[in-house]
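**Q** Sharing data20.cif (mmCIF, C-alpha atoms, pLDDT in the B column; chains and numbers go by the auth columns) below.
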```
data_protein
#
loop_
_atom_site.group_PDB
_atom_site.id
_atom_site.type_symbol
_atom_site.label_atom_id
_atom_site.label_comp_id
_atom_site.label_asym_id
_atom_site.label_seq_id
_atom_site.Cartn_x
_atom_site.Cartn_y
_atom_site.Cartn_z
_atom_site.B_iso_or_equiv
_atom_site.auth_seq_id
_atom_site.auth_asym_id
ATOM 1 C CA MET A 1 71.719 90.577 128.375 38.00 23 E
ATOM 2 C CA ASN A 2 74.089 93.507 128.973 42.00 24 E
ATOM 3 C CA THR A 3 77.326 92.309 127.387 53.00 25 E
ATOM 4 C CA LYS A 4 80.526 94.261 126.791 56.00 26 E
ATOM 5 C CA ILE A 5 79.594 94.347 123.115 56.00 27 E
ATOM 6 C CA GLU A 6 76.250 95.975 123.869 56.00 28 E
ATOM 7 C CA GLN A 7 78.025 98.563 126.008 50.00 29 E
ATOM 8 C CA GLN A 8 80.241 99.517 123.049 59.00 30 E
ATOM 9 C CA ILE A 9 77.762 99.365 120.147 59.00 31 E
ATOM 10 C CA GLU A 10 74.239 100.675 120.083 54.00 32 E
ATOM 11 C CA PHE A 11 72.285 97.973 118.264 52.00 33 E
ATOM 12 C CA ALA A 12 69.569 99.693 116.246 51.00 34 E
ATOM 13 C CA GLU A 13 66.137 98.437 115.258 51.00 35 E
ATOM 14 C CA GLU A 14 67.332 97.542 111.735 66.00 36 E
ATOM 15 C CA ASN A 15 67.948 93.858 111.038 81.00 37 E
ATOM 16 C CA THR A 16 71.460 94.369 109.691 87.00 38 E
ATOM 17 C CA MET A 17 74.554 96.436 110.304 91.00 39 E
ATOM 18 C CA PHE A 18 77.543 97.097 108.105 94.00 40 E
ATOM 19 C CA LEU A 19 81.070 96.304 109.176 96.00 41 E
ATOM 20 C CA VAL A 20 84.558 96.114 107.727 97.00 42 E
ATOM 21 C CA LEU A 21 86.946 93.305 108.542 98.00 43 E
ATOM 22 C CA HIS A 22 90.374 94.947 108.199 98.00 44 E
ATOM 23 C CA LEU A 23 92.870 92.124 107.751 98.00 45 E
ATOM 24 C CA ASN A 24 96.491 92.586 108.756 98.00 46 E
ATOM 25 C CA SER A 25 97.194 90.093 105.961 97.00 47 E
ATOM 26 C CA ARG A 26 99.286 90.477 102.858 97.00 48 E
ATOM 27 C CA LEU A 27 96.882 88.610 100.603 97.00 49 E
ATOM 28 C CA GLN A 28 96.620 88.851 96.854 95.00 50 E
ATOM 29 C CA PRO A 29 93.006 89.508 95.842 95.00 51 E
ATOM 30 C CA LYS A 30 92.575 85.866 94.737 95.00 52 E
ATOM 31 C CA HIS A 31 93.621 84.686 98.214 96.00 53 E
ATOM 32 C CA ARG A 32 91.306 87.230 99.867 96.00 54 E
ATOM 33 C CA PHE A 33 88.504 85.836 97.685 96.00 55 E
ATOM 34 C CA GLU A 34 89.205 82.369 99.135 95.00 56 E
ATOM 35 C CA LEU A 35 88.641 83.748 102.643 96.00 57 E
ATOM 36 C CA GLU A 36 85.508 85.566 101.482 97.00 58 E
ATOM 37 C CA ASP A 37 84.164 82.301 100.022 96.00 59 E
ATOM 38 C CA ALA A 38 84.890 80.452 103.266 96.00 60 E
ATOM 39 C CA LEU A 39 83.103 83.136 105.318 97.00 61 E
ATOM 40 C CA THR A 40 80.132 83.064 102.923 97.00 62 E
ATOM 41 C CA GLU A 41 79.775 79.302 103.432 97.00 63 E
ATOM 42 C CA ILE A 42 79.946 79.696 107.215 97.00 64 E
ATOM 43 C CA PHE A 43 77.395 82.535 107.203 96.00 65 E
ATOM 44 C CA GLU A 44 75.011 80.569 104.971 96.00 66 E
ATOM 45 C CA SER A 45 75.224 77.499 107.191 96.00 67 E
ATOM 46 C CA ASN A 46 74.415 79.664 110.224 94.00 68 E
ATOM 47 C CA ASP A 47 70.989 81.020 109.228 92.00 69 E
ATOM 48 C CA ASN A 48 72.448 83.455 106.658 93.00 70 E
ATOM 49 C CA VAL A 49 73.745 85.585 109.511 95.00 71 E
ATOM 50 C CA GLY A 50 75.758 87.744 107.129 95.00 72 E
ATOM 51 C CA LYS A 51 76.927 88.302 103.573 96.00 73 E
ATOM 52 C CA ILE A 52 80.040 89.678 101.904 97.00 74 E
ATOM 53 C CA THR A 53 79.314 92.931 100.068 96.00 75 E
ATOM 54 C CA GLY A 54 82.771 94.000 98.915 96.00 76 E
ATOM 55 C CA GLY A 55 86.481 94.127 99.593 96.00 77 E
ATOM 56 C CA GLY A 56 89.751 95.736 98.658 96.00 78 E
ATOM 57 C CA THR A 57 93.527 95.645 98.906 96.00 79 E
ATOM 58 C CA ALA A 58 95.831 98.391 100.235 96.00 80 E
ATOM 59 C CA MET A 59 99.336 98.718 98.823 96.00 81 E
ATOM 60 C CA PHE A 60 102.613 100.159 100.061 95.00 82 E
ATOM 61 C CA PRO A 61 104.202 102.817 97.790 94.00 83 E
ATOM 62 C CA SER A 62 106.599 100.079 96.630 90.00 84 E
ATOM 63 C CA GLY A 63 103.666 98.166 95.128 93.00 85 E
ATOM 64 C CA GLU A 64 103.741 95.468 97.802 96.00 86 E
ATOM 65 C CA ILE A 65 100.490 94.441 99.475 96.00 87 E
ATOM 66 C CA GLU A 66 99.999 96.066 102.885 97.00 88 E
ATOM 67 C CA SER A 67 96.590 94.803 104.076 98.00 89 E
ATOM 68 C CA CYS A 68 93.089 94.093 102.853 97.00 90 E
ATOM 69 C CA ASP A 69 89.465 94.699 103.801 98.00 91 E
ATOM 70 C CA ILE A 70 86.305 92.627 103.566 98.00 92 E
ATOM 71 C CA GLU A 71 82.987 94.472 103.771 97.00 93 E
ATOM 72 C CA ILE A 72 80.161 92.555 105.440 97.00 94 E
ATOM 73 C CA GLU A 73 76.444 93.123 105.929 95.00 95 E
ATOM 74 C CA PHE A 74 75.746 91.332 109.188 95.00 96 E
ATOM 75 C CA SER A 75 73.000 90.510 111.669 91.00 97 E
ATOM 76 C CA ASN A 76 72.290 93.378 114.050 88.00 98 E
ATOM 77 C CA ARG A 77 72.087 91.213 117.153 87.00 99 E
ATOM 78 C CA SER A 78 74.730 91.385 119.869 85.00 100 E
ATOM 79 C CA GLU A 79 74.913 87.597 120.267 90.00 101 E
ATOM 80 C CA ASP A 80 75.589 87.172 116.534 93.00 102 E
ATOM 81 C CA PHE A 81 78.275 89.858 116.616 93.00 103 E
ATOM 82 C CA GLU A 82 79.993 88.123 119.551 93.00 104 E
ATOM 83 C CA TRP A 83 79.803 84.854 117.588 95.00 105 E
ATOM 84 C CA LEU A 84 81.505 86.572 114.632 96.00 106 E
ATOM 85 C CA LEU A 85 84.351 87.917 116.775 95.00 107 E
ATOM 86 C CA ASN A 86 84.936 84.434 118.242 94.00 108 E
ATOM 87 C CA LEU A 87 84.793 82.879 114.766 95.00 109 E
ATOM 88 C CA LEU A 88 87.430 85.268 113.418 95.00 110 E
ATOM 89 C CA ASP A 89 89.729 84.497 116.344 90.00 111 E
ATOM 90 C CA ASN A 90 89.468 80.793 115.576 90.00 112 E
ATOM 91 C CA ILE A 91 89.665 80.474 111.786 91.00 113 E
ATOM 92 C CA GLY A 92 93.138 81.840 111.180 89.00 114 E
ATOM 93 C CA ILE A 93 93.215 85.632 111.081 94.00 115 E
ATOM 94 C CA PRO A 94 96.529 87.434 111.732 97.00 116 E
ATOM 95 C CA LYS A 95 97.073 89.547 114.830 96.00 117 E
ATOM 96 C CA GLY A 96 96.512 93.242 114.260 97.00 118 E
ATOM 97 C CA SER A 97 93.266 92.663 112.362 98.00 119 E
ATOM 98 C CA VAL A 98 90.130 94.556 113.434 98.00 120 E
ATOM 99 C CA VAL A 99 86.391 94.553 112.882 97.00 121 E
ATOM 100 C CA LYS A 100 85.201 98.142 112.346 96.00 122 E
ATOM 101 C CA THR A 101 81.568 99.074 112.944 93.00 123 E
ATOM 102 C CA GLY A 102 79.634 101.903 114.533 85.00 124 E
ATOM 103 C CA GLY A 103 82.789 103.982 114.910 90.00 125 E
ATOM 104 C CA LYS A 104 84.398 101.253 117.044 93.00 126 E
ATOM 105 C CA ASP A 105 87.280 98.857 116.380 96.00 127 E
ATOM 106 C CA PHE A 106 87.283 95.312 117.780 96.00 128 E
ATOM 107 C CA SER A 107 90.626 93.496 117.710 96.00 129 E
ATOM 108 C CA VAL A 108 90.607 89.975 116.249 96.00 130 E
ATOM 109 C CA GLY A 109 93.220 87.487 115.162 95.00 131 E
ATOM 110 C CA SER A 110 95.684 85.114 116.723 94.00 132 E
ATOM 111 C CA LEU A 111 98.202 84.258 113.998 97.00 133 E
ATOM 112 C CA GLU A 112 101.689 85.717 113.646 98.00 134 E
ATOM 113 C CA GLY A 113 103.179 86.475 110.243 98.00 135 E
ATOM 114 C CA LEU A 114 106.578 85.928 108.635 98.00 136 E
ATOM 115 C CA GLY A 115 107.578 87.492 105.350 98.00 137 E
ATOM 116 C CA LEU A 116 110.448 85.889 103.462 98.00 138 E
ATOM 117 C CA TYR A 117 111.837 88.294 100.861 98.00 139 E
ATOM 118 C CA LEU A 118 113.859 86.594 98.133 98.00 140 E
ATOM 119 C CA ASN A 119 116.357 88.783 96.311 97.00 141 E
ATOM 120 C CA GLY A 120 115.145 89.113 92.739 94.00 142 E
ATOM 121 C CA CYS A 121 118.022 90.899 91.047 93.00 143 E
ATOM 122 C CA ASP A 122 121.417 90.506 92.785 95.00 144 E
ATOM 123 C CA LEU A 123 122.076 86.765 92.528 96.00 145 E
ATOM 124 C CA PRO A 124 123.978 85.108 89.677 95.00 146 E
ATOM 125 C CA GLN A 125 121.644 84.690 86.682 94.00 147 E
ATOM 126 C CA GLU A 126 122.125 80.917 86.609 95.00 148 E
ATOM 127 C CA ILE A 127 120.524 80.617 90.055 96.00 149 E
ATOM 128 C CA TYR A 128 117.317 82.211 88.763 93.00 150 E
ATOM 129 C CA GLU A 129 117.463 79.961 85.695 93.00 151 E
ATOM 130 C CA ILE A 130 118.008 76.610 87.413 95.00 152 E
ATOM 131 C CA CYS A 131 116.160 77.042 90.720 96.00 153 E
ATOM 132 C CA ASP A 132 112.396 76.618 91.076 96.00 154 E
ATOM 133 C CA VAL A 133 110.692 78.843 93.661 96.00 155 E
ATOM 134 C CA ASN A 134 107.859 76.283 93.966 96.00 156 E
ATOM 135 C CA GLU A 135 110.368 73.640 95.031 97.00 157 E
ATOM 136 C CA LEU A 136 111.703 76.086 97.642 98.00 158 E
ATOM 137 C CA ILE A 137 108.163 76.752 98.915 98.00 159 E
ATOM 138 C CA GLY A 138 107.657 72.989 99.283 97.00 160 E
ATOM 139 C CA GLN A 139 110.824 72.718 101.383 98.00 161 E
ATOM 140 C CA LEU A 140 109.777 75.667 103.550 98.00 162 E
ATOM 141 C CA GLU A 141 106.282 74.287 104.171 97.00 163 E
ATOM 142 C CA ASN A 142 107.700 70.839 104.990 98.00 164 E
ATOM 143 C CA SER A 143 110.059 72.394 107.513 98.00 165 E
ATOM 144 C CA LEU A 144 107.207 74.406 109.087 98.00 166 E
ATOM 145 C CA GLY A 145 104.965 71.384 109.589 96.00 167 E
ATOM 146 C CA GLU A 146 101.939 72.391 111.659 95.00 168 E
ATOM 147 C CA THR A 147 103.456 75.671 112.873 96.00 169 E
ATOM 148 C CA GLY A 148 102.597 77.705 109.773 97.00 170 E
ATOM 149 C CA ARG A 149 101.782 77.758 106.089 96.00 171 E
ATOM 150 C CA LEU A 150 102.033 79.967 103.011 97.00 172 E
ATOM 151 C CA PHE A 151 98.946 82.209 102.690 97.00 173 E
ATOM 152 C CA SER A 152 100.040 84.340 99.720 97.00 174 E
ATOM 153 C CA TRP A 153 102.984 85.724 97.764 97.00 175 E
ATOM 154 C CA MET A 154 103.942 88.641 95.582 96.00 176 E
ATOM 155 C CA GLU A 155 106.514 89.015 92.841 94.00 177 E
ATOM 156 C CA LEU A 156 107.960 92.475 92.143 93.00 178 E
ATOM 157 C CA ASN A 157 110.991 93.562 90.138 90.00 179 E
ATOM 158 C CA ASP A 158 113.489 93.527 93.009 93.00 180 E
ATOM 159 C CA PHE A 159 112.101 90.738 95.181 95.00 181 E
ATOM 160 C CA THR A 160 109.617 87.932 95.593 97.00 182 E
ATOM 161 C CA ALA A 161 107.786 87.986 98.925 97.00 183 E
ATOM 162 C CA LEU A 162 106.425 84.796 100.500 98.00 184 E
ATOM 163 C CA TYR A 163 103.849 85.407 103.257 98.00 185 E
ATOM 164 C CA PHE A 164 103.604 82.734 105.945 98.00 186 E
ATOM 165 C CA TYR A 165 101.223 82.833 108.910 98.00 187 E
ATOM 166 C CA GLY A 166 101.217 80.533 111.906 97.00 188 E
ATOM 167 C CA THR A 167 101.223 80.181 115.647 92.00 189 E
ATOM 168 C CA LEU A 168 104.526 81.867 116.566 97.00 190 E
ATOM 169 C CA PHE A 169 106.900 83.961 114.468 98.00 191 E
ATOM 170 C CA ASP A 170 110.005 82.820 116.383 98.00 192 E
ATOM 171 C CA GLU A 171 109.122 79.152 115.969 98.00 193 E
ATOM 172 C CA MET A 172 108.471 79.552 112.237 98.00 194 E
ATOM 173 C CA ASN A 173 111.713 81.493 111.841 98.00 195 E
ATOM 174 C CA ASP A 174 113.718 78.789 113.642 98.00 196 E
ATOM 175 C CA LYS A 175 112.177 76.001 111.570 98.00 197 E
ATOM 176 C CA ILE A 176 112.964 77.569 108.189 98.00 198 E
ATOM 177 C CA LYS A 177 116.552 78.610 109.019 98.00 199 E
ATOM 178 C CA PRO A 178 118.122 75.367 107.718 98.00 200 E
ATOM 179 C CA VAL A 179 116.351 75.797 104.362 98.00 201 E
ATOM 180 C CA ILE A 180 117.307 79.473 104.155 98.00 202 E
ATOM 181 C CA SER A 181 120.953 78.721 104.903 97.00 203 E
ATOM 182 C CA SER A 182 121.213 76.028 102.231 97.00 204 E
ATOM 183 C CA HIS A 183 118.929 76.951 99.314 97.00 205 E
ATOM 184 C CA PRO A 184 120.538 79.001 96.516 97.00 206 E
ATOM 185 C CA LEU A 185 117.440 81.199 96.039 97.00 207 E
ATOM 186 C CA CYS A 186 117.665 82.304 99.682 97.00 208 E
ATOM 187 C CA GLN A 187 121.019 84.022 99.269 97.00 209 E
ATOM 188 C CA LYS A 188 120.718 87.709 100.235 97.00 210 E
ATOM 189 C CA CYS A 189 117.138 87.175 101.394 98.00 211 E
ATOM 190 C CA ARG A 190 115.579 88.801 104.443 97.00 212 E
ATOM 191 C CA VAL A 191 112.970 87.703 106.971 98.00 213 E
ATOM 192 C CA GLU A 192 110.481 90.156 108.525 97.00 214 E
ATOM 193 C CA ARG A 193 107.764 89.869 111.122 98.00 215 E
ATOM 194 C CA ILE A 194 104.579 90.941 109.332 98.00 216 E
ATOM 195 C CA ALA A 195 101.937 90.246 112.027 97.00 217 E
#
```
Could you rewrite the structure in this file as structure tokens?
**A**
Amino acid sequence: MNTKIEQQIEFAEENTMFLVLHLNSRLQPKHRFELEDALTEIFESNDNVGKITGGGTAMFPSGEIESCDIEIEFSNRSEDFEWLLNLLDNIGIPKGSVVKTGGKDFSVGSLEGLGLYLNGCDLPQEIYEICDVNELIGQLENSLGETGRLFSWMELNDFTALYFYGTLFDEMNDKIKPVISSHPLCQKCRVERIA
């Protein structure tokens, strides 16, 4: 079988190869661990086709999460590698993610990302005291319905970032606008496309 994958990677005689799944996801380590656990379960239920060997988180100079990596020891068979690429496209990986192996990058991911940045220092103090960010998150997720969900968050001195991923950025943005326009914690917030 002479697939496109085989044309791009030379599959050696060894049983395994090493690859890095670079995620265009702003995930706290604990949320990356959840994905690693899910992948481990899938690998184990598919003839132990692979195993997680490590991971890490990259940060912007501001201290905000930029992306993360998952290191994988994986079967060195082209059909298994194609299965992995299809799996990653279907389980909820953001666009802009890549699988790196053998000096090659393979694009994966279908989700779009929306970052909601809540102002953490310029609102009246009573708003921070009386408003609950978890209640706001509940309202946002209810308004999103099936179009997206919160994957992770980060709290820094000047802002709290909420990271949502879903099918379409524009649709998620439209659905949360009523909440943003009415909730006190959303004053002076900003929305960014993050994937």
**Q** Can you tell me which residues surround segment 64-73 of chain E at a distance of at most 8 Å, considering all atoms listed in the file, apart from same-chain residues fewer than 6 positions away, and format the answer as a short mmCIF file (atom, residue, chain, number, x, y, z; two decimals) with C-alpha atoms, in the frame of the given file?
**A**
```
data_model
loop_
_atom_site.label_atom_id
_atom_site.label_comp_id
_atom_site.auth_asym_id
_atom_site.auth_seq_id
_atom_site.Cartn_x
_atom_site.Cartn_y
_atom_site.Cartn_z
CA ILE E 94 80.16 92.56 105.44
CA GLU E 95 76.44 93.12 105.93
CA PHE E 96 75.75 91.33 109.19
CA SER E 97 73.00 90.51 111.67
CA ASP E 102 75.59 87.17 116.53
#
```
**Q** Using only C-alpha atoms, which residues sit within 10 Å of Ile87 of chain E once same-chain residues fewer than 2 positions away are excluded, as a list in words?
**A** Ser47, Arg48, Leu49, Gln50, Pro51, Thr79, Ala80, Met81, Phe82, Pro83, Ser84, Gly85, Ser89, Cys90, Trp175, Met176 and Ala183 of chain E
**Q** Output C-alpha atoms for every residue in that selection, as a PDB file, in the coordinates of the input.
**A**
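Full text of again17.pdb as output:
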```pdb
ATOM      1  CA  SER E  47      97.194  90.093 105.961  1.00 97.00           C
ATOM      2  CA  ARG E  48      99.286  90.477 102.858  1.00 97.00           C
ATOM      3  CA  LEU E  49      96.882  88.610 100.603  1.00 97.00           C
ATOM      4  CA  GLN E  50      96.620  88.851  96.854  1.00 95.00           C
ATOM      5  CA  PRO E  51      93.006  89.508  95.842  1.00 95.00           C
ATOM      6  CA  THR E  79      93.527  95.645  98.906  1.00 96.00           C
ATOM      7  CA  ALA E  80      95.831  98.391 100.235  1.00 96.00           C
ATOM      8  CA  MET E  81      99.336  98.718  98.823  1.00 96.00           C
ATOM      9  CA  PHE E  82     102.613 100.159 100.061  1.00 95.00           C
ATOM     10  CA  PRO E  83     104.202 102.817  97.790  1.00 94.00           C
ATOM     11  CA  SER E  84     106.599 100.079  96.630  1.00 90.00           C
ATOM     12  CA  GLY E  85     103.666  98.166  95.128  1.00 93.00           C
ATOM     13  CA  SER E  89      96.590  94.803 104.076  1.00 98.00           C
ATOM     14  CA  CYS E  90      93.089  94.093 102.853  1.00 97.00           C
ATOM     15  CA  TRP E 175     102.984  85.724  97.764  1.00 97.00           C
ATOM     16  CA  MET E 176     103.942  88.641  95.582  1.00 96.00           C
ATOM     17  CA  ALA E 183     107.786  87.986  98.925  1.00 97.00           C
TER      18      ALA E 183
END
```
**Q** So that I can check the surroundings of Val42 of chain E, please list as a list in words every protein, DNA and RNA residue that reaches within 6 Å of it, counting only C-alpha atoms and ignoring chain neighbours fewer than 2 positions away.
**A**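 Once the nearby chain positions are removed, what remains is His44, Ile92, Glu93, Val121 and Lys122 of chain E.
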**Q** Have a look at atom CA of Val201 of chain E and atom CA of Ile115 of chain E and let me know their distance in Å, one decimal.
**A**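 Between these atoms lies a distance of 26.0 Å.
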**Q** Calculated over all atoms listed in the file, which of the candidates E:Leu190, E:Glu177, E:Gly76, E:Thr123 has the smallest distance to Phe103 of chain E?
**A** E:Thr123
**Q** Can you tell me how far atom CA of Asp196 of chain E sits from atom CA of Asp154 of chain E, in Å to one decimal?
**A**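 Between atom CA of Asp196 of chain E and atom CA of Asp154 of chain E the gap is 22.7 Å.
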**Q** In Å to one decimal, how far is atom CA of Gly78 of chain E from atom CA of Met194 of chain E?
**A**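 So the answer is 28.2 Å.
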**Q** Using all atoms listed in the file, which of the listed residues (E:Asn179, E:Asn195, E:Asn46, E:Gln147) sits closest to Leu166 of chain E?
**A**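 Going through E:Asn179, E:Asn195, E:Asn46, E:Gln147 one by one, the smallest distance to Leu166 of chain E is for E:Asn195.
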**Q** May I have the protein, DNA and RNA residues with any atom at most 7 Å from the point (109.3, 87.9, 111.1), counting only C-alpha atoms, written as a VMD selection string?
**A** chain E and resid 135 to 137 191 195 213 to 216
**Q** Leaving out Leu172 of chain E and any residue of its chain fewer than 2 positions from it, which residues lie within 6 Å of it when counting all atoms listed in the file, given as an NGL selection string?
**A** :E and (174 or 185-186)
**Q** Give me the result of the PyMOL selection byres ((chain E and resi 169) around 7) on this file, residue by residue, as a list in words.
**A**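 Applied to this file, the PyMOL selection byres ((chain E and resi 169) around 7) returns Leu166, Gly167, Glu168, Gly170, Gly188, Thr189 and Met194 of chain E.
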**Q** Write the residues of the preceding selection, restricted to C-alpha atoms, as a PDB file, in the frame of the given file.
**A**
```pdb
ATOM      1  CA  LEU E 166     107.207  74.406 109.087  1.00 98.00           C
ATOM      2  CA  GLY E 167     104.965  71.384 109.589  1.00 96.00           C
ATOM      3  CA  GLU E 168     101.939  72.391 111.659  1.00 95.00           C
ATOM      4  CA  GLY E 170     102.597  77.705 109.773  1.00 97.00           C
ATOM      5  CA  GLY E 188     101.217  80.533 111.906  1.00 97.00           C
ATOM      6  CA  THR E 189     101.223  80.181 115.647  1.00 92.00           C
ATOM      7  CA  MET E 194     108.471  79.552 112.237  1.00 98.00           C
TER       8      MET E 194
END
```
**Q** Please evaluate the PyMOL selection byres ((chain E and resi 180) around 6) against the displayed coordinates and give the resulting residues as an NGL selection string.
**A** :E and (142-143 or 178-179 or 181)
**Q** Okay, now the selection with C-alpha atoms, as a short mmCIF file (atom, residue, chain, number, x, y, z; two decimals), in the frame of the given file?
**A**
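Final output, saved to out_22.cif:
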```
data_model
loop_
_atom_site.label_atom_id
_atom_site.label_comp_id
_atom_site.auth_asym_id
_atom_site.auth_seq_id
_atom_site.Cartn_x
_atom_site.Cartn_y
_atom_site.Cartn_z
CA GLY E 142 115.14 89.11 92.74
CA CYS E 143 118.02 90.90 91.05
CA LEU E 178 107.96 92.48 92.14
CA ASN E 179 110.99 93.56 90.14
CA PHE E 181 112.10 90.74 95.18
#
```
**Q** Smallest atom-to-atom distance to Leu45 of chain E: which of E:Glu58, E:Glu157, E:Glu193, E:Glu104, using only C-alpha atoms?
**A** E:Glu58
**Q** Calculated over only C-alpha atoms, which of the candidates E:Gln209, E:Thr75, E:Asn98, E:Ser203 has the smallest distance to Pro146 of chain E?
**A**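 Answer, going by the shortest atom-to-atom distance: E:Gln209.
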**Q** Which residue out of E:Gly160, E:Gly77, E:Pro200, E:Gly131 has the minimum interatomic distance to Ser119 of chain E when all atoms listed in the file are used?
**A** E:Gly131
**Q** Determine the nearest neighbour of Lys117 of chain E from the options E:Leu140, E:Ala217, E:Leu43, E:Cys153, counting all atoms listed in the file.
**A**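 Smallest separation from Lys117 of chain E among the options: E:Ala217.
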**Q** Can you tell me, as JSON, the centre and edge lengths (Å, one decimal) of the axis-aligned box enclosing all of segment 90-109 of chain E's listed atoms after padding each side by 6 Å?
**A**
```
{"center_x": 82.6, "center_y": 88.8, "center_z": 111.6, "size_x": 33.0, "size_y": 23.8, "size_z": 29.4}
```
